[in-house]
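Structure first, then comments.
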Protein chains: 4
Amino acid sequence: MKTVALDFGSENTSPVHPAFVEAVVSANKGFATNFEAEPWTEHALGCLRDFFETKELSAFTVSTGTAANAIALGAMVPPYGAILCHWDAHIETDECGAPEMFSFGARQIPLPGEHGRMALQALSTYLQEARFGNVHSVQPAALSLTNLTEAGTAYDPDEIGALARVASKAGLGIHMDGARFANAAAHLGVTPAQLSWKAGVEVITLGTTKSGSFGAEVIVSFAPRFDTALAFLRKRSGHFAPKSRFLGAQVQAYVENDLWLRNASDANRRARRMSEGLAAIKAVALVHPTEGNEVFASMPTAMSNALVAAGCKFQRDWRLHPRHNRFVTSWATTDEEVDRMLEVCRSTSRHDAG
Amino acid sequence: MKTVALDFGSENTSPVHPAFVEAVVSANKGFATNFEAEPWTEHALGCLRDFFETKELSAFTVSTGTAANAIALGAMVPPYGAILCHWDAHIETDECGAPEMFSFGARQIPLPGEHGRMALQALSTYLQEARFGNVHSVQPAALSLTNLTEAGTAYDPDEIGALARVASKAGLGIHMDGARFANAAAHLGVTPAQLSWKAGVEVITLGTTKSGSFGAEVIVSFAPRFDTALAFLRKRSGHFAPKSRFLGAQVQAYVENDLWLRNASDANRRARRMSEGLAAIKAVALVHPTEGNEVFASMPTAMSNALVAAGCKFQRDWRLHPRHNRFVTSWATTDEEVDRMLEVCRSTSRHDAG
Amino acid sequence: MKTVALDFGSENTSPVHPAFVEAVVSANKGFATNFEAEPWTEHALGCLRDFFETKELSAFTVSTGTAANAIALGAMVPPYGAILCHWDAHIETDECGAPEMFSFGARQIPLPGEHGRMALQALSTYLQEARFGNVHSVQPAALSLTNLTEAGTAYDPDEIGALARVASKAGLGIHMDGARFANAAAHLGVTPAQLSWKAGVEVITLGTTKSGSFGAEVIVSFAPRFDTALAFLRKRSGHFAPKSRFLGAQVQAYVENDLWLRNASDANRRARRMSEGLAAIKAVALVHPTEGNEVFASMPTAMSNALVAAGCKFQRDWRLHPRHNRFVTSWATTDEEVDRMLEVCRSTSRHDAG
Amino acid sequence: MKTVALDFGSENTSPVHPAFVEAVVSANKGFATNFEAEPWTEHALGCLRDFFETKELSAFTVSTGTAANAIALGAMVPPYGAILCHWDAHIETDECGAPEMFSFGARQIPLPGEHGRMALQALSTYLQEARFGNVHSVQPAALSLTNLTEAGTAYDPDEIGALARVASKAGLGIHMDGARFANAAAHLGVTPAQLSWKAGVEVITLGTTKSGSFGAEVIVSFAPRFDTALAFLRKRSGHFAPKSRFLGAQVQAYVENDLWLRNASDANRRARRMSEGLAAIKAVALVHPTEGNEVFASMPTAMSNALVAAGCKFQRDWRLHPRHNRFVTSWATTDEEVDRMLEVCRSTSRHDAG
């Protein structure tokens, strides 16, 4: 019997999807050479080439998203470099300075933009004013975009392309934090290729963890000039898994049978259901458009309290904004859970009005 | 039907032990808060306290042994520090400078000693000659011992105690790389407590991966002064797993029902069987005593070639010594596999003699 | 014959003051043990104790201000730490990430405030919202104040005390970038002690270079807990001068006979003369109050062009603000130079009006 | 009146040579743009091009030899790189891990060789055995040779060429620590070009400090691929002097009028005088041949004690060898001082014999 979880805290609180369990258990067949000299990793590489519709890529599996971002950025920028990202980027707010550690002290430059999207104008202005070639100043070296953004919105290929072109012209490498890449692609109805290298992305950290795996992220590089640094930095930071087959198997499962797309579409659909439900409640205002599997809503404190009392898990006071709450759905979220959550909100609203 | 693998390359090529599979699958029940605010990690902590017979410990799970060592040492030494280890230590030979990265440039000082054990005299002399307090010189700050050593021998509690006392008196922190800690304890017939904190070890990186898990290592600190640095360095290096329950579940499985001891004893027994078999072959000489699950043997090239031809996997020319080969057994190694391997060796030997 | 330089680009373009030349030449008497085991450094330490009216200090001479700041901050914060500073702080804008390098990747958090002074409210809010103890977030570890500020204004002891108290209460170390400390003290008419440790400053990087020396800065620590890290980091970063006597001699000269105060007062007086002169010109607006030896003025482009044509050196478009110009005076600036510069401005103004 | 100093502790205890004093005082004429946009640095660059007989070089002045080495090596190797040097190299023994800091954790690999010279066979063997391309191992990336060696011997161009060829073929950059480069060149009677780039050196840290300056070292790069990293690393580590003219003036003085050669020849001649005198004393044995300005002698403790009693300064128990003593001469050492020192030795010897 499935319990009703009402857990919208993070995708990472969800159970692992059965397909990933099956993949890992299946990979546990007999002996296999360690450190990627085994068929699962090789197969995963083939899957990624299909996924991204190109043979021109390298891939490096790791076990966490923070690792994937930090290794990618550490390989892309010199120690005296700067990484341009959005104010709300995960690398800026939630990774305890991992990119700074892995880049040996490069600086992150947070830029503004509405609804989690970096404003093209802010990027252009920053790059125009940057003192390139001046040894007294850190040197912009990478643009890092997050898609889905931290506000649950999706950059489309044109938006990415516009930002990437400006940055690339100034000599920056283009990175994408794709912890929720599947949700963005599913929402937009575009291919992974369109949303990455075809739009100018050179290195993407592609997450399967939030899509329901045990914990497997893969740094995919479309730019061979970063590959040596990626390979050594992964090992040197303790992220090269000896029993690599279990990471390979998860990446493979993510791609095969469009699991990534199905899981993301399911999660997105529930978020939309929640979002539409909340929008219909007078006391609630959506903070950001719902373009993936995250709902940001401003609601009365009494309503938040009621949700907590009902056992609902979510992030209150998101980014320190009082009354802003974040609700995340995953492959495991059910319509029933969303409806029950909405019912709590509605009943509080009625009660308030009464 | 089980195939005969003849894979003695590394424990990490073995399949995962069913108990670990069961533990991970079982942990996949419903939702659980991410980042260790869940019962599996808490339970694992309790298990470790039983294992080490003390409540005075902190524990930090990570997914690789290189990570565990690098985080531990990075937390124990200042950037201008030095880490004393054996010439053959894994941190010196096989981690691509991970401890240097995580300590921000501390230096590793390799010291000699027979059969993988650091010579007490070498340590004493080094510390006597070290220029403590002199800013022109790196400052010895940690002693790192590996048990099982990289030569497959076991330090006993007295040996550890003697080394640790000398180092501790000089102000060094005491670290143990316990990737094969279980094999050492099983061989010696001593308790984990006797082989760690009771002998002076302050931080141990305890491996479950080589004991048959998917990949779970735990940094156990008996010295609270390192805890803050350990916690932040783990996160900052991307080694704090969001879905922590799956690491916790593996640590728990390792300790419960003495799985650690059973798996290590099984592996050790097969290594002894191999070692005794090889010792009886005239053309073969054991390079190191077999005190765990690793056999180091010098053998004619024809014999090595015959093993390769028979599909046997092992490390040839260990540490660049021609004819030195390393054979590793694991929980999954069978008597039959050992016997078949020995038979190949014996037949080559007869053939040579003929 | 002295030429009229009209060089207001930086104090560092000025010639070295004769007292520093004399000090260095005098120190070149015979042999002297290297690395501070000589009387000049010892004497300088005594001078600093007089200067700061306390015996409870340690001092570390280095040759540049960037070095002094980076060593100080590197010793004060852990790699996962954050350094709070003003948006316009030199460590943020002009040191190419030196503090990040020396702290192994700590993050600088720029805070706002008018006229170069950090707003107490901004600091308080930041610290209240900071996630202390949360491993996902960098940890505020030092407050760095610049006095004179980069806007040429002076924090008085009360302002420093208020900021330092808030930060200190939250566990931060208090650093002062005192590249122009003398100018601030001279302007305020307070003692070095009042403006540093009595107001809560724990480590100050005290500059003599901008006061007319060849290049000598001294990190003065009032907090012994930082001393070991300071000593090792100075050496390890190549900033421990073998022929230390020449740095010691300059520090000594700076303190003795109140050279610091005389040079700063002279420079400040010329800046005030310039400031008052500019304020009287209709087309000119002062951007910041003149509280030291720097004048920030907004003026028509034609006026800036006229100054350039007249051979005047200064920083145009300060911090990318069109028409904002920075003029710096030093011990070597003369009334005549200031007057001639003002005359150019006035004549342009008349011409414009005509 | 000149006192008799008997100070053979280090060249850095000597007074600054009058030509350097004159150069610095002369450079103090009026205003000069900071950060190398002034004629002294430009002139110094021209001097270095003459000195090395090539226009294909870049130069970066800094104030200490540790800085020069660390910046050079930090620019030449990746963080996962290794630096091959002699066991006794200054970077290995006396810089507190500065190269590790500036390279972000690269490892130094000390290699053996008699009399301070790296053995060609040791280098070849190490490189043959190195696991190039293997991510588990640090990657040899630079060869660092010291000339004069730390044993006071001189590599000749052929020896350097042979070592450099082997290393270069394996892809390493070639670095020379030239703190006493002048002494080596003077002893060998070869040109700076022959002893550096013509022999395969790509980056040299050329010292003027030990040749009698206040403190000026210059990183000279013959390999443009390192220049960007050198420029940024110098600034970022606080080694870009604002009042650059005083460093430029010292470099200029070093080259002009062959001051480098005259000072080195003078120092070498006194060392040879001392060396020959000591060799004639029965109780004394030279530890290394005297090929520059350093004399290493094994002598009875009574003789060392007598020297100390006579006020003589020198390094006792060099590299922890009892009875090994190091005596260094400089431009300032006189024949009289050498003779008086020898007389003390001889009288002790006679006394012992008596």
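FYI, nothing fancy with the structure tokens labels: chains A, B, ... in order, residues from 1 per chain, ligands from 1 as they appear.
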
### Task
Please identify every residue of chain C that has at least one atom no more than 7 Å from any atom of chain B, counting only C-alpha atoms, and report them as a PyMOL selection string.
chain C and resi 80+104+135-136+231-232+235

#### Entry: Who sits within 10 Å of Leu45 of chain A, only C-alpha atoms, same chain under 3 positions skipped, as a PyMOL selection string
chain A and resi 39-42+48-51+55+57-61+220+248+251-252

### Task
Could you please determine the separation between atom CA of Leu230 of chain C and atom CA of Ala72 of chain C in Å, to one decimal place?
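If I compute the distance from atom CA of Leu230 of chain C to atom CA of Ala72 of chain C, I get 6.6 Å.
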
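One finds atom CA of Ala310 of chain D at 19.1 Å from atom CA of Ala271 of chain D.
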
### Task
Determine which residues of segment 150-300 of chain B DSSP labels as alpha helix (DSSP H) from the backbone of this structure, then write them out as an MDAnalysis selection string.
chainID B and resid 157:169 181:188 227:236 245:255 259:279

### Exercise: Glu11 of chain B partners within 7 Å, only C-alpha atoms, chain neighbours under 6 positions left out, as a PyMOL selection string
chain B and resi 210+328-330

### Task
Tell me which protein, DNA and RNA residues are within 7 Å of Ser213 of chain D, counting only C-alpha atoms, leaving out same-chain ones fewer than 4 positions away, and put them as a PyMOL selection string.
chain D and resi 16-17+20+208-209+250

Would you save the residues from that selection as a compact mmCIF listing (two decimals), in the first residue's frame, using C-alpha atoms?
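Ended up saving to result_30.txt:
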# COMPACT_ATOMS: atom_id res chain seq x y z
CA VAL D 16 74.00 45.89 -0.79
CA HIS D 17 76.60 46.68 -3.43
CA PHE D 20 72.58 48.83 -6.62
CA THR D 208 70.15 39.58 -8.35
CA THR D 209 69.65 39.50 -4.59
CA GLN D 250 68.14 46.88 -9.88

### Task
Check segment 37-129 of chain A with DSSP on the backbone and list each residue it calls strand (DSSP E), as a list in words.
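Checking each residue of segment 37-129 of chain A, the strand (DSSP E) ones are Ser58, Ala59, Phe60, Thr61, Val62, Gly81, Ala82, Ile83, Leu84, Cys85, His86, Arg107, Gln108, Ile109, Pro110 and Leu111 of chain A.
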
For the residues in the current selection, export all heavy atoms as a compact mmCIF listing (two decimals), in the first residue's frame.
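Below you can see selection-v5.txt, which holds the result:
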# COMPACT_ATOMS: atom_id res chain seq x y z
N SER A 58 32.48 13.80 -24.70
CA SER A 58 33.11 12.97 -23.68
C SER A 58 32.20 13.01 -22.46
O SER A 58 31.46 13.97 -22.27
CB SER A 58 34.48 13.51 -23.29
OG SER A 58 35.29 13.62 -24.43
N ALA A 59 32.29 11.96 -21.64
CA ALA A 59 31.38 11.92 -20.49
C ALA A 59 32.12 11.42 -19.27
O ALA A 59 32.96 10.52 -19.35
CB ALA A 59 30.20 11.00 -20.80
N PHE A 60 31.80 12.00 -18.14
CA PHE A 60 32.45 11.69 -16.88
C PHE A 60 31.39 11.56 -15.80
O PHE A 60 30.80 12.57 -15.39
CB PHE A 60 33.44 12.79 -16.50
CG PHE A 60 34.46 13.08 -17.57
CD1 PHE A 60 34.18 13.97 -18.61
CD2 PHE A 60 35.69 12.43 -17.57
CE1 PHE A 60 35.11 14.22 -19.61
CE2 PHE A 60 36.62 12.67 -18.57
CZ PHE A 60 36.33 13.57 -19.60
N THR A 61 31.13 10.36 -15.35
CA THR A 61 30.11 10.19 -14.31
C THR A 61 30.66 10.52 -12.93
O THR A 61 31.82 10.25 -12.63
CB THR A 61 29.58 8.74 -14.29
OG1 THR A 61 30.69 7.85 -14.13
CG2 THR A 61 28.82 8.40 -15.54
N VAL A 62 29.81 11.07 -12.11
CA VAL A 62 30.13 11.33 -10.71
C VAL A 62 28.86 11.10 -9.90
O VAL A 62 27.79 10.84 -10.47
CB VAL A 62 30.64 12.78 -10.47
CG1 VAL A 62 31.94 13.02 -11.24
CG2 VAL A 62 29.60 13.80 -10.89
N GLY A 81 40.30 33.24 -12.97
CA GLY A 81 39.12 33.44 -13.78
C GLY A 81 37.90 33.83 -12.97
O GLY A 81 37.91 33.82 -11.73
N ALA A 82 36.83 34.19 -13.68
CA ALA A 82 35.55 34.48 -13.03
C ALA A 82 34.46 33.69 -13.76
O ALA A 82 34.54 33.46 -14.97
CB ALA A 82 35.23 35.97 -13.08
N ILE A 83 33.50 33.26 -12.98
CA ILE A 83 32.37 32.47 -13.48
C ILE A 83 31.12 33.34 -13.36
O ILE A 83 30.77 33.76 -12.25
CB ILE A 83 32.21 31.19 -12.62
CG1 ILE A 83 33.46 30.32 -12.73
CG2 ILE A 83 30.95 30.44 -13.03
CD1 ILE A 83 33.59 29.31 -11.58
N LEU A 84 30.47 33.59 -14.47
CA LEU A 84 29.27 34.42 -14.42
C LEU A 84 28.05 33.52 -14.28
O LEU A 84 27.85 32.60 -15.07
CB LEU A 84 29.16 35.26 -15.70
CG LEU A 84 30.42 36.03 -16.12
CD1 LEU A 84 30.08 37.04 -17.23
CD2 LEU A 84 31.05 36.75 -14.93
N CYS A 85 27.24 33.80 -13.28
CA CYS A 85 26.05 32.97 -13.06
C CYS A 85 24.92 33.85 -12.55
O CYS A 85 25.12 35.03 -12.28
CB CYS A 85 26.37 31.86 -12.06
SG CYS A 85 26.80 32.46 -10.42
N HIS A 86 23.75 33.28 -12.42
CA HIS A 86 22.62 34.03 -11.89
C HIS A 86 22.74 34.13 -10.36
O HIS A 86 23.28 33.24 -9.72
CB HIS A 86 21.31 33.32 -12.27
CG HIS A 86 20.08 34.15 -11.97
ND1 HIS A 86 19.50 34.17 -10.72
CD2 HIS A 86 19.36 34.98 -12.74
CE1 HIS A 86 18.46 34.99 -10.75
NE2 HIS A 86 18.35 35.49 -11.97
N ARG A 107 36.51 33.38 -9.06
CA ARG A 107 35.43 34.12 -8.40
C ARG A 107 34.11 33.91 -9.15
O ARG A 107 34.09 33.89 -10.37
CB ARG A 107 35.77 35.60 -8.38
CG ARG A 107 34.74 36.44 -7.58
CD ARG A 107 35.11 37.90 -7.56
NE ARG A 107 36.34 38.11 -6.80
CZ ARG A 107 36.95 39.29 -6.68
NH1 ARG A 107 36.45 40.36 -7.28
NH2 ARG A 107 38.07 39.41 -5.98
N GLN A 108 33.04 33.78 -8.41
CA GLN A 108 31.72 33.76 -9.03
C GLN A 108 31.13 35.16 -9.04
O GLN A 108 31.13 35.85 -8.03
CB GLN A 108 30.81 32.77 -8.31
CG GLN A 108 31.28 31.36 -8.60
CD GLN A 108 30.44 30.26 -7.98
OE1 GLN A 108 30.66 29.11 -8.28
NE2 GLN A 108 29.50 30.60 -7.13
N ILE A 109 30.63 35.54 -10.18
CA ILE A 109 30.03 36.86 -10.35
C ILE A 109 28.54 36.65 -10.54
O ILE A 109 28.10 36.19 -11.60
CB ILE A 109 30.60 37.57 -11.59
CG1 ILE A 109 32.13 37.62 -11.56
CG2 ILE A 109 29.98 38.96 -11.75
CD1 ILE A 109 32.72 38.55 -10.55
N PRO A 110 27.74 36.95 -9.53
CA PRO A 110 26.30 36.77 -9.68
C PRO A 110 25.66 37.91 -10.46
O PRO A 110 25.93 39.07 -10.18
CB PRO A 110 25.80 36.73 -8.24
CG PRO A 110 26.83 37.40 -7.42
CD PRO A 110 28.12 37.39 -8.17
N LEU A 111 24.85 37.56 -11.44
CA LEU A 111 24.17 38.58 -12.26
C LEU A 111 22.66 38.46 -12.07
O LEU A 111 22.13 37.38 -11.78
CB LEU A 111 24.54 38.39 -13.73
CG LEU A 111 26.02 38.62 -14.08
CD1 LEU A 111 26.29 38.31 -15.54
CD2 LEU A 111 26.42 40.07 -13.76

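In this model, the gap between atom CA of Leu286 of chain D and atom CA of Pro112 of chain D comes to 19.8 Å.
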